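Engineer: Quick one: structure below, then a few questions.
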Amino acid sequence: MRTFARRLLALAALSFATAAGAQQWPTQPIRWIVPYPAGGGADVVARAVASSMEKPLGQTIVVENRPGAATIVGATAIAGAEPNGYMIGTADTGTLAFNPSLYAKLSYDPTKFTYIGGIARFPLLLAVRADSPFKSVDDVVQAARKTPGKLTAASAGAGSPHHLALELFKQRANVDMLHVPYKGAAPAIQDLLGGQVDLMFIDLAAGLPNVKAGKLRVLASATPERVPALPDTPTMAEAGVADFTAYAWQGLVGPAGLPDNVVQKLSAQLEATMKSPEIARKLADMGVQPMPMAPKDFSRYAAEERATWAQVIKKAGIKLE
């Protein structure tokens, strides 16, 4: 009986200590996992946001790059972390919306993360080189229908947002084009500039410098409204392709079971950061749009995106290993 009572007291003490620790959070540096290499768009955004969140949280946020396997390496690390708020990370379109349909098996479950909030989205744009004969989306559509499978379209890799935007375009416009995957957006854009491929869905952050330099011509944006950085560029709907919206987006997640007060603190600071003029200006300079969302809103948005892209991927018959 005494042994049982001691166990109950020990469990009560542990529960009290855990609860007290959660209330005092954070008491040590926080690790922010980015599932991409250092220097890329997701990494730059994470570092800018993390830096702005450090002072109000009262702790250093260490950004740690865990690239590999279409964000699966980083996502798996986040999913397997201790749910104490000291390891969180970036989860994007691929992590939460594409991968569940692209891969037969995943080492993480996108529905099991603790959703903390939205961060940003990268508008996707249909672009051709400046001297291309294609002056409009209709020019592309007509050429693709005249010679099915002849036009070549680059992407940052199989299963990337650029690739999935292309598949959506093919389905909505009822055309056939040859997909040419690259290992990243940079080499794909280089071959687009060099004339090795005919067109590409670029993200604004990666493509904006070449657009501003007059080396790329943007035919339309895959956004509901015109992109502020390119006010003269029509949306896909304005260009004649209805029901076409595609972003590369990202948010902040943690492992399942994060304490509510930790989620509330992180979410409040993240949302405040994403709404700050300083961060908005930094992101705008990169061609990125802030996407502040509360935890429930971000979770709902990811679920909706997962369902939408599952249909596109199934129809396109894409499977990755």
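By convention here, the chains of the structure tokens are called A, B, ... in the order presented, each chain's residues are numbered starting at 1, and ligands are numbered starting at 1 in the order presented.
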Using only C-alpha atoms, determine which residues lie at most 8 Å from Met87 in chain A, disregarding the query and same-chain residues fewer than 3 positions distant; provide the list as a PyMOL selection string.
Structural biologist: chain A and resi 30-33+78+81-84+254-255
Engineer: So which residues of range 64-170 of chain A fall under alpha helix (DSSP H) by DSSP, listed as JSON, numbers by chain?
Structural biologist: {"A": [72, 73, 74, 75, 76, 77, 78, 79, 93, 99, 100, 101, 102, 137, 138, 139, 140, 141, 142, 143, 144, 145, 146, 161, 162, 163, 164, 165, 166, 167, 168, 169, 170]}
Engineer: May I have the residues within 12 Å of range 46-58 of chain A as a VMD selection string, using only C-alpha atoms and disregarding those fewer than 5 positions away in the same chain?
Structural biologist: chain A and resid 24 to 41 63 to 65 85 88 to 92 118 to 120 250 to 252 262 264 to 283 286 290 292
Engineer: Can you check which parts of range 61-138 of chain A lie within 8 Å of range 203-226 of chain A? Per residue, the shortest pair of atoms and distance in Å to one decimal, counting only C-alpha atoms, sorted by chain and number, as a Markdown table.
Structural biologist:
```
| residue | atom | partner | partner_atom | distance |
| --- | --- | --- | --- | --- |
| A:Phe122 | CA | A:Asp203 | CA | 5.9 |
| A:Pro123 | CA | A:Leu204 | CA | 5.6 |
| A:Leu124 | CA | A:Asp203 | CA | 4.4 |
| A:Leu125 | CA | A:Ser221 | CA | 4.3 |
| A:Leu126 | CA | A:Ala220 | CA | 5.5 |
| A:Ala127 | CA | A:Val218 | CA | 4.3 |
| A:Val128 | CA | A:Arg217 | CA | 5.3 |
| A:Arg129 | CA | A:Leu216 | CA | 4.4 |
| A:Ala130 | CA | A:Leu216 | CA | 4.7 |
| A:Lys135 | CA | A:Leu219 | CA | 7.0 |
| A:Ser136 | CA | A:Leu219 | CA | 5.4 |
| A:Val137 | CA | A:Leu219 | CA | 5.9 |
```
